[in-house]
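Text of protein02.cif, listed as mmCIF, C-alpha atoms:
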```cif
data_my_file
loop_
_atom_site.label_atom_id
_atom_site.label_comp_id
_atom_site.auth_asym_id
_atom_site.auth_seq_id
_atom_site.Cartn_x
_atom_site.Cartn_y
_atom_site.Cartn_z
CA MET A 1 0.00 0.00 0.00
CA ALA A 2 1.29 3.40 -0.88
CA SER A 3 2.66 5.10 2.15
CA PHE A 4 1.85 8.72 2.67
CA ASP A 5 3.21 11.16 5.12
CA PRO A 6 2.70 14.81 4.17
CA ALA A 7 6.04 15.61 5.79
CA GLU A 8 7.79 13.28 3.36
CA ALA A 9 6.22 14.66 0.19
CA PRO A 10 8.81 16.54 -1.87
CA ASP A 11 8.43 20.26 -2.53
CA LEU A 12 6.47 21.31 -5.57
CA THR A 13 8.32 22.46 -8.65
CA ASP A 14 7.62 25.92 -10.08
CA GLU A 15 5.75 24.30 -12.93
CA GLU A 16 3.54 22.40 -10.50
CA LEU A 17 2.83 25.55 -8.52
CA LYS A 18 1.67 27.19 -11.72
CA THR A 19 -0.57 24.23 -12.58
CA LEU A 20 -1.99 24.37 -9.08
CA ASP A 21 -2.82 28.03 -9.60
CA ASP A 22 -4.61 27.23 -12.87
CA LEU A 23 -6.52 24.43 -11.17
CA LYS A 24 -8.15 26.90 -8.82
CA SER A 25 -10.15 28.52 -11.60
CA GLN A 26 -10.80 25.20 -13.35
CA LEU A 27 -12.34 23.71 -10.21
CA GLU A 28 -14.81 26.55 -10.11
CA GLN A 29 -16.50 25.04 -13.16
CA MET A 30 -16.91 21.67 -11.49
CA GLY A 31 -19.49 22.64 -8.91
CA ARG A 32 -19.39 22.41 -5.16
CA GLU A 33 -21.43 19.30 -4.41
CA ARG A 34 -19.82 16.77 -2.15
CA GLY A 35 -20.47 14.11 -4.80
CA ARG A 36 -17.96 15.82 -7.09
CA LEU A 37 -15.09 14.95 -4.78
CA ILE A 38 -13.74 11.92 -6.64
CA PRO A 39 -14.05 13.34 -10.18
CA MET A 40 -12.34 16.44 -8.83
CA LEU A 41 -9.46 14.45 -7.34
CA GLN A 42 -9.11 12.59 -10.65
CA PHE A 43 -9.02 15.88 -12.52
CA VAL A 44 -6.37 17.27 -10.19
CA GLN A 45 -4.28 14.13 -10.53
CA ASP A 46 -4.59 14.26 -14.32
CA SER A 47 -3.09 17.74 -14.23
CA LEU A 48 -0.39 17.22 -11.61
CA ALA A 49 0.25 13.46 -11.95
CA TYR A 50 -0.17 13.15 -8.18
CA LEU A 51 -1.96 14.74 -5.22
CA PRO A 52 0.45 16.89 -3.23
CA PRO A 53 -0.75 18.31 0.12
CA PRO A 54 -1.58 21.76 -1.33
CA ALA A 55 -3.81 20.10 -3.94
CA ILE A 56 -5.71 18.22 -1.25
CA ARG A 57 -6.20 21.48 0.61
CA LEU A 58 -7.33 23.18 -2.58
CA VAL A 59 -10.05 20.58 -3.18
CA ALA A 60 -11.09 20.68 0.48
CA ASP A 61 -11.43 24.47 0.47
CA HIS A 62 -13.35 24.37 -2.77
CA LEU A 63 -15.88 21.83 -1.46
CA GLU A 64 -15.88 23.40 2.01
CA ILE A 65 -15.04 20.16 3.77
CA SER A 66 -12.02 19.41 5.91
CA ALA A 67 -8.75 18.32 4.32
CA SER A 68 -8.95 15.30 6.59
CA GLU A 69 -12.07 14.08 4.78
CA VAL A 70 -10.52 14.54 1.36
CA TYR A 71 -7.46 12.67 2.55
CA GLY A 72 -9.59 9.83 3.90
CA VAL A 73 -11.34 9.36 0.57
CA ALA A 74 -8.21 9.77 -1.55
CA THR A 75 -6.17 7.25 0.44
CA PHE A 76 -8.94 4.67 0.12
CA TYR A 77 -8.54 4.40 -3.64
CA ASN A 78 -5.51 2.85 -5.27
CA GLN A 79 -5.73 5.15 -8.26
CA PHE A 80 -4.56 8.17 -6.30
CA ARG A 81 -0.92 8.73 -5.57
CA PHE A 82 0.65 11.17 -3.17
CA ASN A 83 4.18 11.24 -4.47
CA PRO A 84 5.22 12.50 -7.91
CA PRO A 85 6.08 9.77 -10.40
CA GLY A 86 9.85 9.68 -10.93
CA ARG A 87 11.48 10.35 -14.29
CA HIS A 88 12.22 6.62 -14.29
CA PRO A 89 9.23 4.99 -12.64
CA ILE A 90 10.03 1.50 -11.40
CA LYS A 91 7.12 -0.91 -11.48
CA VAL A 92 7.65 -4.20 -9.74
CA CYS A 93 5.15 -6.87 -10.72
CA LEU A 94 3.53 -8.75 -7.88
CA GLY A 95 0.97 -10.67 -9.92
CA THR A 96 0.49 -14.34 -9.19
CA ALA A 97 3.43 -15.66 -11.22
CA CYS A 98 5.82 -12.95 -10.05
CA HIS A 99 4.65 -13.39 -6.48
CA VAL A 100 5.43 -17.09 -6.66
CA LYS A 101 8.81 -16.35 -8.22
CA GLY A 102 9.76 -13.94 -5.44
CA GLY A 103 8.66 -10.53 -6.76
CA GLU A 104 8.49 -9.32 -3.18
CA ILE A 105 12.25 -9.83 -2.84
CA ILE A 106 12.87 -7.80 -5.99
CA LEU A 107 10.70 -5.02 -4.59
CA GLU A 108 12.63 -5.07 -1.31
CA ASN A 109 15.91 -4.81 -3.19
CA PHE A 110 14.76 -1.76 -5.14
CA GLU A 111 13.47 -0.21 -1.92
CA ARG A 112 16.76 -0.80 -0.14
CA LYS A 113 18.87 0.41 -3.08
CA LEU A 114 16.90 3.66 -3.48
CA GLN A 115 16.11 4.14 0.20
CA ILE A 116 12.39 4.65 -0.44
CA LYS A 117 9.26 2.54 0.07
CA ASP A 118 6.82 1.56 -2.65
CA GLY A 119 4.57 4.49 -3.51
CA GLN A 120 7.40 6.93 -2.80
CA THR A 121 9.76 8.96 -4.95
CA THR A 122 13.45 9.74 -4.45
CA ALA A 123 14.23 13.32 -3.39
CA ASP A 124 15.75 14.10 -6.81
CA ARG A 125 12.58 12.73 -8.46
CA GLU A 126 14.65 10.37 -10.61
CA PHE A 127 13.03 7.16 -9.36
CA SER A 128 9.70 6.12 -7.94
CA ILE A 129 8.68 2.61 -6.95
CA ASP A 130 5.23 1.13 -7.43
CA ARG A 131 3.89 -2.35 -7.13
CA VAL A 132 1.72 -3.48 -10.04
CA ALA A 133 -0.41 -6.55 -10.52
CA CYS A 134 0.59 -8.42 -13.67
CA VAL A 135 2.11 -6.74 -16.72
CA GLY A 136 1.22 -9.62 -19.02
CA CYS A 137 4.45 -11.52 -19.47
CA CYS A 138 4.25 -14.10 -16.71
CA ALA A 139 6.69 -16.42 -18.53
CA LEU A 140 9.41 -13.91 -17.66
CA ALA A 141 8.55 -13.77 -13.96
CA PRO A 142 9.63 -12.08 -11.83
CA VAL A 143 9.32 -8.89 -13.85
CA ALA A 144 10.22 -5.26 -13.23
CA ILE A 145 9.70 -2.28 -15.55
CA VAL A 146 12.08 0.63 -15.29
CA GLY A 147 11.07 3.60 -17.39
CA GLU A 148 10.14 2.02 -20.72
CA THR A 149 12.33 -1.04 -20.37
CA LEU A 150 11.06 -4.38 -19.20
CA TYR A 151 13.41 -6.62 -17.23
CA GLY A 152 12.37 -10.28 -17.09
CA LYS A 153 13.73 -13.12 -14.96
CA MET A 154 14.74 -10.54 -12.40
CA GLN A 155 17.26 -11.35 -9.72
CA PRO A 156 18.10 -9.34 -6.65
CA SER A 157 21.66 -9.00 -7.95
CA LYS A 158 20.41 -7.24 -11.12
CA VAL A 159 18.86 -4.36 -9.19
CA GLU A 160 22.13 -2.56 -8.53
CA GLY A 161 23.11 -2.74 -12.21
CA ILE A 162 19.76 -1.48 -13.50
CA VAL A 163 19.80 1.60 -11.28
CA LEU A 164 23.41 2.26 -12.17
CA ARG A 165 22.67 1.95 -15.88
CA VAL A 166 19.91 4.55 -15.71
CA LYS A 167 22.24 6.92 -13.89
CA ILE A 168 25.06 6.40 -16.40
CA GLU A 169 22.73 6.89 -19.36
CA LYS A 170 21.54 10.13 -17.82
CA GLU A 171 25.09 11.40 -17.35
CA GLN A 172 25.94 10.44 -20.91
CA GLN A 173 22.96 12.35 -22.22
CA GLU A 174 23.90 15.41 -20.23
CA ARG A 175 27.44 15.27 -21.55
CA GLU A 176 26.14 15.09 -25.12
CA THR A 177 23.80 18.04 -24.75
CA ARG A 178 26.67 20.02 -23.28
CA GLN A 179 28.88 19.18 -26.25
CA HIS A 180 26.18 20.35 -28.65
CA GLU A 181 25.38 23.45 -26.69
CA PRO A 182 28.59 24.37 -24.92
CA ASN A 183 27.14 27.64 -23.67
CA LEU A 184 24.81 25.90 -21.26
CA PRO A 185 25.88 26.27 -17.66
CA THR A 186 27.48 23.16 -16.24
CA PRO A 187 25.06 21.41 -13.93
CA LEU A 188 26.13 20.87 -10.37
CA PRO A 189 27.80 17.51 -9.83
CA PRO A 190 25.32 14.95 -8.52
CA THR A 191 25.45 14.55 -4.78
CA SER A 192 27.17 11.36 -3.81
CA GLU A 193 25.15 8.70 -2.03
CA MET B 194 -47.53 7.33 24.55
CA THR B 195 -45.51 4.94 22.46
CA GLU B 196 -46.73 1.45 21.96
CA SER B 197 -44.80 -1.28 23.72
CA VAL B 198 -43.90 -4.76 22.58
CA SER B 199 -42.90 -7.67 24.73
CA ILE B 200 -39.96 -9.73 23.49
CA THR B 201 -38.28 -12.82 24.84
CA VAL B 202 -34.51 -12.68 25.17
CA ASP B 203 -32.88 -15.85 26.53
CA ASP B 204 -36.17 -16.97 28.14
CA LYS B 205 -36.52 -13.62 29.86
CA THR B 206 -39.49 -11.54 28.83
CA ILE B 207 -38.89 -7.83 28.55
CA VAL B 208 -41.18 -5.05 27.51
CA VAL B 209 -39.71 -2.46 25.16
CA ALA B 210 -41.02 0.49 23.23
CA LYS B 211 -42.05 -0.29 19.68
CA GLY B 212 -39.28 0.67 17.30
CA ALA B 213 -36.58 0.24 19.93
CA ASN B 214 -33.19 -1.10 19.01
CA LEU B 215 -32.74 -4.73 20.08
CA LEU B 216 -29.18 -4.26 21.30
CA SER B 217 -29.85 -1.20 23.39
CA ALA B 218 -33.10 -2.71 24.76
CA SER B 219 -31.26 -5.86 25.83
CA LEU B 220 -28.46 -3.89 27.44
CA ALA B 221 -30.97 -1.69 29.26
CA ASN B 222 -32.60 -4.80 30.68
CA GLY B 223 -29.38 -6.25 31.99
CA ILE B 224 -28.75 -8.70 29.17
CA TYR B 225 -25.19 -8.21 28.00
CA ILE B 226 -24.39 -8.71 24.33
CA PRO B 227 -20.75 -8.08 23.31
CA HIS B 228 -20.47 -4.96 21.18
CA LEU B 229 -17.88 -2.34 20.23
CA CYS B 230 -19.19 -0.01 17.56
CA TYR B 231 -22.80 0.59 18.61
CA MET B 232 -23.80 4.20 19.26
CA GLU B 233 -27.32 5.03 20.38
CA HIS B 234 -27.85 8.06 18.17
CA LEU B 235 -26.16 6.74 15.05
CA GLN B 236 -28.74 5.70 12.47
CA PRO B 237 -28.41 3.34 10.73
CA ALA B 238 -26.09 1.43 13.04
CA ALA B 239 -22.55 1.01 11.75
CA ALA B 240 -22.69 -2.75 12.46
CA SER B 241 -18.99 -2.93 11.74
CA CYS B 242 -17.58 -4.75 14.76
CA ARG B 243 -19.49 -7.98 14.04
CA LEU B 244 -19.73 -8.91 17.70
CA CYS B 245 -23.33 -8.29 18.75
CA PHE B 246 -24.74 -11.30 16.90
CA VAL B 247 -27.95 -12.91 18.17
CA GLU B 248 -30.32 -15.52 16.83
CA VAL B 249 -33.78 -14.20 16.10
CA ASP B 250 -36.60 -16.70 15.54
CA GLY B 251 -37.65 -16.64 11.92
CA ARG B 252 -34.29 -15.45 10.59
CA SER B 253 -32.12 -18.00 8.84
CA GLY B 254 -28.82 -17.08 10.52
CA PRO B 255 -27.43 -14.95 13.32
CA VAL B 256 -27.96 -11.21 12.85
CA PRO B 257 -26.21 -8.23 14.47
CA ALA B 258 -28.53 -7.12 17.29
CA CYS B 259 -27.72 -3.47 16.59
CA THR B 260 -29.47 -3.71 13.21
CA VAL B 261 -32.72 -5.19 14.56
CA THR B 262 -35.59 -2.82 15.24
CA VAL B 263 -38.28 -4.27 17.47
CA GLU B 264 -41.61 -3.89 15.70
CA GLU B 265 -43.39 -7.05 16.87
CA PRO B 266 -42.92 -9.77 19.49
CA LEU B 267 -39.59 -11.54 18.98
CA THR B 268 -37.82 -14.54 20.43
CA VAL B 269 -34.12 -13.94 20.68
CA ARG B 270 -31.21 -16.13 21.79
CA THR B 271 -27.93 -14.41 22.61
CA ASP B 272 -25.94 -17.52 23.56
CA ALA B 273 -26.56 -19.95 20.70
CA PRO B 274 -23.49 -21.97 19.59
CA ALA B 275 -23.47 -20.34 16.14
CA VAL B 276 -23.52 -16.91 17.77
CA ARG B 277 -20.65 -17.74 20.09
CA ARG B 278 -18.60 -19.13 17.20
CA LEU B 279 -19.00 -15.90 15.24
CA GLN B 280 -18.19 -13.77 18.27
CA LYS B 281 -15.06 -15.72 19.13
CA ALA B 282 -13.86 -15.57 15.52
CA GLY B 283 -14.59 -11.84 15.40
CA LEU B 284 -12.68 -11.25 18.61
CA GLN B 285 -9.72 -13.27 17.34
CA LEU B 286 -9.63 -11.22 14.16
CA LEU B 287 -9.58 -8.04 16.23
CA LEU B 288 -6.83 -9.43 18.45
CA SER B 289 -4.71 -10.40 15.44
CA VAL B 290 -4.13 -6.68 14.84
CA HIS B 291 -4.17 -5.62 18.49
CA ARG B 292 -1.06 -5.36 20.57
CA VAL B 293 -1.99 -7.08 23.80
CA GLU B 294 0.05 -5.24 26.41
CA CYS B 295 -2.60 -4.75 29.03
CA LYS B 296 -0.17 -4.00 31.84
CA ASN B 297 1.17 -0.94 30.06
CA CYS B 298 -2.17 0.11 28.60
CA PRO B 299 -4.20 2.94 30.14
CA ALA B 300 -7.38 1.05 29.24
CA ASN B 301 -6.43 -1.87 31.47
CA ARG B 302 -9.44 -3.09 33.50
CA ARG B 303 -11.89 -0.84 31.67
CA CYS B 304 -11.06 -2.13 28.19
CA GLU B 305 -13.97 -3.41 26.12
CA LEU B 306 -11.81 -6.14 24.58
CA GLN B 307 -10.93 -7.47 28.04
CA ARG B 308 -14.57 -7.39 29.00
CA ILE B 309 -15.67 -9.25 25.87
CA ALA B 310 -12.91 -11.87 26.17
CA LYS B 311 -13.85 -12.47 29.79
CA PHE B 312 -17.52 -12.72 28.88
CA LEU B 313 -16.81 -15.22 26.09
CA LYS B 314 -14.40 -17.09 28.40
CA VAL B 315 -11.52 -16.90 25.93
CA GLY B 316 -8.01 -15.54 26.31
CA LEU B 317 -6.78 -12.33 24.71
CA LYS B 318 -5.12 -14.32 21.95
CA PRO B 319 -5.66 -14.42 18.20
CA GLY B 320 -5.76 -18.22 18.09
CA LYS B 321 -4.24 -19.58 14.90
CA LEU B 322 -4.31 -16.20 13.16
CA ALA B 323 -1.03 -14.51 12.31
CA GLN B 324 -0.44 -11.19 14.04
CA ARG B 325 -0.10 -8.15 11.90
CA PHE B 326 0.92 -4.75 13.24
CA LYS B 327 1.05 -1.28 11.77
CA GLN B 328 3.94 1.11 11.67
CA PRO B 329 4.59 3.47 13.39
CA GLU B 330 3.41 2.41 16.82
CA ILE B 331 2.26 5.93 17.71
CA ASP B 332 0.91 8.54 15.33
CA ALA B 333 1.64 11.91 16.89
CA SER B 334 0.68 14.09 13.93
CA HIS B 335 -2.31 15.63 15.72
CA PRO B 336 -1.41 18.67 17.85
CA CYS B 337 -3.23 17.46 20.95
CA LEU B 338 -3.84 13.73 20.41
CA ASN B 339 -1.71 10.64 20.15
CA TYR B 340 -3.12 7.76 18.14
CA TYR B 341 -2.09 4.15 18.76
CA PRO B 342 -2.97 2.21 15.58
CA ASN B 343 -2.11 -1.14 17.15
CA ARG B 344 -4.59 -0.62 19.97
CA CYS B 345 -7.34 0.71 17.72
CA VAL B 346 -10.17 -1.70 16.89
CA LEU B 347 -11.49 0.59 14.11
CA CYS B 348 -14.96 0.69 15.66
CA GLY B 349 -15.36 4.16 14.20
CA LYS B 350 -16.90 5.76 17.29
CA CYS B 351 -14.31 8.54 17.35
CA VAL B 352 -14.92 9.29 13.67
CA HIS B 353 -18.67 9.49 14.27
CA VAL B 354 -18.52 11.73 17.34
CA CYS B 355 -16.07 13.99 15.54
CA ARG B 356 -18.45 14.22 12.60
CA ALA B 357 -21.37 14.92 14.91
CA GLN B 358 -19.63 17.67 16.86
CA HIS B 359 -17.56 19.58 14.34
CA ARG B 360 -18.36 21.06 11.01
CA ASP B 361 -14.73 20.69 10.03
CA VAL B 362 -14.27 17.00 10.67
CA VAL B 363 -10.86 16.24 12.15
CA LEU B 364 -10.84 12.45 12.42
CA THR B 365 -11.56 10.21 9.45
CA PHE B 366 -10.72 6.72 8.36
CA ALA B 367 -7.75 6.69 6.03
CA ARG B 368 -6.29 4.05 3.72
CA ARG B 369 -7.98 0.68 3.55
CA GLY B 370 -7.86 -3.01 4.30
CA PHE B 371 -5.20 -3.99 6.80
CA ASP B 372 -3.73 -0.51 6.46
CA THR B 373 -6.87 1.27 7.61
CA VAL B 374 -6.20 3.80 10.35
CA VAL B 375 -8.02 6.65 11.98
CA GLY B 376 -6.25 9.71 10.76
CA CYS B 377 -6.25 13.44 10.90
CA TYR B 378 -4.74 15.42 8.13
CA GLY B 379 -3.96 18.98 7.29
CA LEU B 380 -3.81 20.21 10.87
CA SER B 381 -1.12 22.55 12.00
CA GLY B 382 -0.54 23.54 15.62
CA SER B 383 -2.95 26.47 15.51
CA SER B 384 -5.67 25.11 13.22
CA ALA B 385 -7.20 22.66 15.66
CA PRO B 386 -8.72 24.97 18.24
CA SER B 387 -11.84 22.83 18.42
CA CYS B 388 -9.80 19.82 19.58
CA ARG B 389 -8.35 21.55 22.60
CA ASP B 390 -11.68 21.74 24.44
CA CYS B 391 -13.26 18.64 22.95
CA ARG B 392 -12.40 15.25 24.33
CA ALA B 393 -15.28 13.44 22.68
CA CYS B 394 -13.11 11.02 20.70
CA ILE B 395 -10.91 10.22 23.69
CA ASP B 396 -13.89 9.59 25.93
CA VAL B 397 -15.70 7.39 23.44
CA CYS B 398 -12.73 5.13 22.57
CA PRO B 399 -13.29 1.66 24.05
CA VAL B 400 -9.60 0.71 24.04
CA SER B 401 -7.68 3.95 24.72
CA ALA B 402 -6.28 4.15 21.21
CA LEU B 403 -6.63 7.94 21.39
CA LEU B 404 -4.98 9.75 24.26
CA PRO B 405 -4.34 13.40 25.00
CA LYS B 406 -0.74 14.54 24.54
#
```

structure tokens encoding of this file:
Amino acid sequence: MASFDPAEAPDLTDEELKTLDDLKSQLEQMGRERGRLIPMLQFVQDSLAYLPPPAIRLVADHLEISASEVYGVATFYNQFRFNPPGRHPIKVCLGTACHVKGGEIILENFERKLQIKDGQTTADREFSIDRVACVGCCALAPVAIVGETLYGKMQPSKVEGIVLRVKIEKEQQERETRQHEPNLPTPLPPTSE
Amino acid sequence: MTESVSITVDDKTIVVAKGANLLSASLANGIYIPHLCYMEHLQPAAASCRLCFVEVDGRSGPVPACTVTVEEPLTVRTDAPAVRRLQKAGLQLLLSVHRVECKNCPANRRCELQRIAKFLKVGLKPGKLAQRFKQPEIDASHPCLNYYPNRCVLCGKCVHVCRAQHRDVVLTFARRGFDTVVGCYGLSGSSAPSCRDCRACIDVCPVSALLPK
């Protein structure tokens, strides 16, 4: 189950703050009946990709109910998330076949490697971990999807390499863009773990 | 004057007002039926604790007494074997997510779970069920309350009194399934003035899962 502690939610980006501002006027058109709560939460999540604490407060104020009530409803449904999806979302399959083949252990290894729990996002928003139920290739169990890439016959020992590969690819890309556009300011070196 | 109906509960005949609730009528007449979530003024009854089962003549299986409205003469048994089986199973399920540390618990000796276990003549043990606890042990996010999820039986009384007393509801159920907790959200130190003078949720909790800071 996705964990949620408002204190752990990362700060909003400038872009998200702007979207949040736009949402205020858009919600006005959705009415103020209590029954609009779930469609409203879906709409907010469509715009922001997740429900940060200010968004929950926004919906609560709009419907004139307490934030606690909105939170209670939102946490009941699996479709709502409270942490932003990472640039490389990691989905660990825990469907029947993957469960039998030890998907849980793969999940634990990702959690330990990235120091977050499922449903959470790393502070740099690079990775997020989610558990999913069957991605449709049970013959490859246990399965994990990182970004767009599917990794079958997962082993705990592969986790380290996969995360490292994503990081290396990212650095490579940055180096290339810098070569093409040498005037760009050099980004700060990534903080060591 | 309201009409009265006479009903038979465990061979004892009692006279109750027509439309009375079977559970509260039995309790008022000294017939104890285990219960956790029943609240007199809450209509319809939550019927979520699944402990107040009774057998009512003419009904195919045991029914929660809190959902029975007395409209006509009834014959009720509160101690049938099927009823006891359901109650013991229900209690075990509750105990599988309840940290039994009575010695260190402020509810010791006035705890509803202790009372029910004693009444059913069973220990405070989950039987063959695996125990499953929530993390963290104490939720201190409320400015004046501490919540102990592993004591909580999720009867919902605190949520209902909070809803009844405050326009801006503070306590709600959050998450679901095994992860269900009573939660408060979006409160900062100054924005819970209503909680400071209101102890309704603390007073109504049968197991001391909510305590003042």

Counting only C-alpha atoms, which residues of chain B fall within 12 Å of chain A, and what is the closest atom pair for each with its distance in Å at one decimal, ordered by chain and rising number, as a Markdown table?
```
| residue | atom | partner | partner_atom | distance |
| --- | --- | --- | --- | --- |
| B:Lys327 | CA | A:Ser3 | CA | 11.7 |
| B:Gln328 | CA | A:Ser3 | CA | 10.4 |
| B:Pro329 | CA | A:Asp5 | CA | 11.4 |
| B:Asp332 | CA | A:Asp5 | CA | 10.8 |
| B:Ala333 | CA | A:Asp5 | CA | 11.9 |
| B:Ser334 | CA | A:Asp5 | CA | 9.6 |
| B:His335 | CA | A:Ser68 | CA | 11.3 |
| B:Val352 | CA | A:Glu69 | CA | 10.5 |
| B:Cys355 | CA | A:Glu69 | CA | 11.5 |
| B:Arg356 | CA | A:Glu69 | CA | 10.1 |
| B:His359 | CA | A:Ser66 | CA | 10.1 |
| B:Arg360 | CA | A:Ile65 | CA | 8.0 |
| B:Asp361 | CA | A:Ser66 | CA | 5.1 |
| B:Val362 | CA | A:Ser66 | CA | 5.8 |
| B:Val363 | CA | A:Ser68 | CA | 6.0 |
| B:Leu364 | CA | A:Ser68 | CA | 6.8 |
| B:Thr365 | CA | A:Gly72 | CA | 5.9 |
| B:Phe366 | CA | A:Gly72 | CA | 5.6 |
| B:Ala367 | CA | A:Gly72 | CA | 4.2 |
| B:Arg368 | CA | A:Phe76 | CA | 4.5 |
| B:Arg369 | CA | A:Phe76 | CA | 5.3 |
| B:Gly370 | CA | A:Phe76 | CA | 8.8 |
| B:Phe371 | CA | A:Met1 | CA | 9.4 |
| B:Asp372 | CA | A:Met1 | CA | 7.5 |
| B:Thr373 | CA | A:Phe76 | CA | 8.5 |
| B:Val374 | CA | A:Gly72 | CA | 9.5 |
| B:Val375 | CA | A:Gly72 | CA | 8.8 |
| B:Gly376 | CA | A:Ser68 | CA | 7.5 |
| B:Cys377 | CA | A:Ser68 | CA | 5.4 |
| B:Tyr378 | CA | A:Ser68 | CA | 4.5 |
| B:Gly379 | CA | A:Ala67 | CA | 5.7 |
| B:Leu380 | CA | A:Ser68 | CA | 8.3 |
| B:Ser381 | CA | A:Ala67 | CA | 11.6 |
| B:Ser384 | CA | A:Ser66 | CA | 11.2 |
| B:Ala385 | CA | A:Ser66 | CA | 11.4 |
```

Residues within 12 Å of stretch 293-309 of chain B, all atoms listed in the file, excluding chain neighbours under 3 positions, as JSON, numbers by chain: {"B": [225, 226, 227, 228, 229, 230, 242, 244, 245, 277, 280, 281, 283, 284, 285, 286, 287, 288, 289, 290, 312, 313, 314, 315, 316, 317, 318, 319, 324, 326, 341, 343, 344, 345, 346, 348, 395, 396, 397, 398, 399, 400, 401, 402, 403, 404, 405]}

Nearest to A:Ile145, chosen from A:Cys98, A:Glu169, A:Asp124, A:Cys93, with all atoms listed in the file counted in the distances: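 Nearest to A:Ile145: A:Cys93.
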
Once the PyMOL selection byres ((chain B and resi 205-221) around 7) has been applied to the shown file, what residues remain in the selection, as a CSV table (one decimal) with C-alpha atoms, keeping the file's coordinate frame?
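To be explicit, this is the file written out as selection-v6.csv:
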```csv
chain,number,residue,atom,x,y,z
B,195,THR,CA,-45.5,4.9,22.5
B,196,GLU,CA,-46.7,1.4,22.0
B,197,SER,CA,-44.8,-1.3,23.7
B,198,VAL,CA,-43.9,-4.8,22.6
B,199,SER,CA,-42.9,-7.7,24.7
B,200,ILE,CA,-40.0,-9.7,23.5
B,201,THR,CA,-38.3,-12.8,24.8
B,202,VAL,CA,-34.5,-12.7,25.2
B,203,ASP,CA,-32.9,-15.8,26.5
B,204,ASP,CA,-36.2,-17.0,28.1
B,222,ASN,CA,-32.6,-4.8,30.7
B,223,GLY,CA,-29.4,-6.2,32.0
B,224,ILE,CA,-28.8,-8.7,29.2
B,225,TYR,CA,-25.2,-8.2,28.0
B,258,ALA,CA,-28.5,-7.1,17.3
B,259,CYS,CA,-27.7,-3.5,16.6
B,261,VAL,CA,-32.7,-5.2,14.6
B,262,THR,CA,-35.6,-2.8,15.2
B,263,VAL,CA,-38.3,-4.3,17.5
B,264,GLU,CA,-41.6,-3.9,15.7
```

Neighbour residues at most 8 Å from (-4.9, 10.7, -8.1) (only C-alpha atoms) as a ChimeraX atom specification: /A:41-46,49-51,74,79-82

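In this structure, atom CA of B:Ala240 sits 23.6 Å away from atom CA of B:Gly320.
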
Nearest residue to A:Gly95 from the set A:Ile129, A:Leu140, A:Ala55, A:Ile116 (distances using all atoms listed in the file):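 Of all the options, A:Leu140 lies closest to A:Gly95.
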
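One finds atom CA of B:Pro342 at 6.5 Å from atom CA of B:Glu330.
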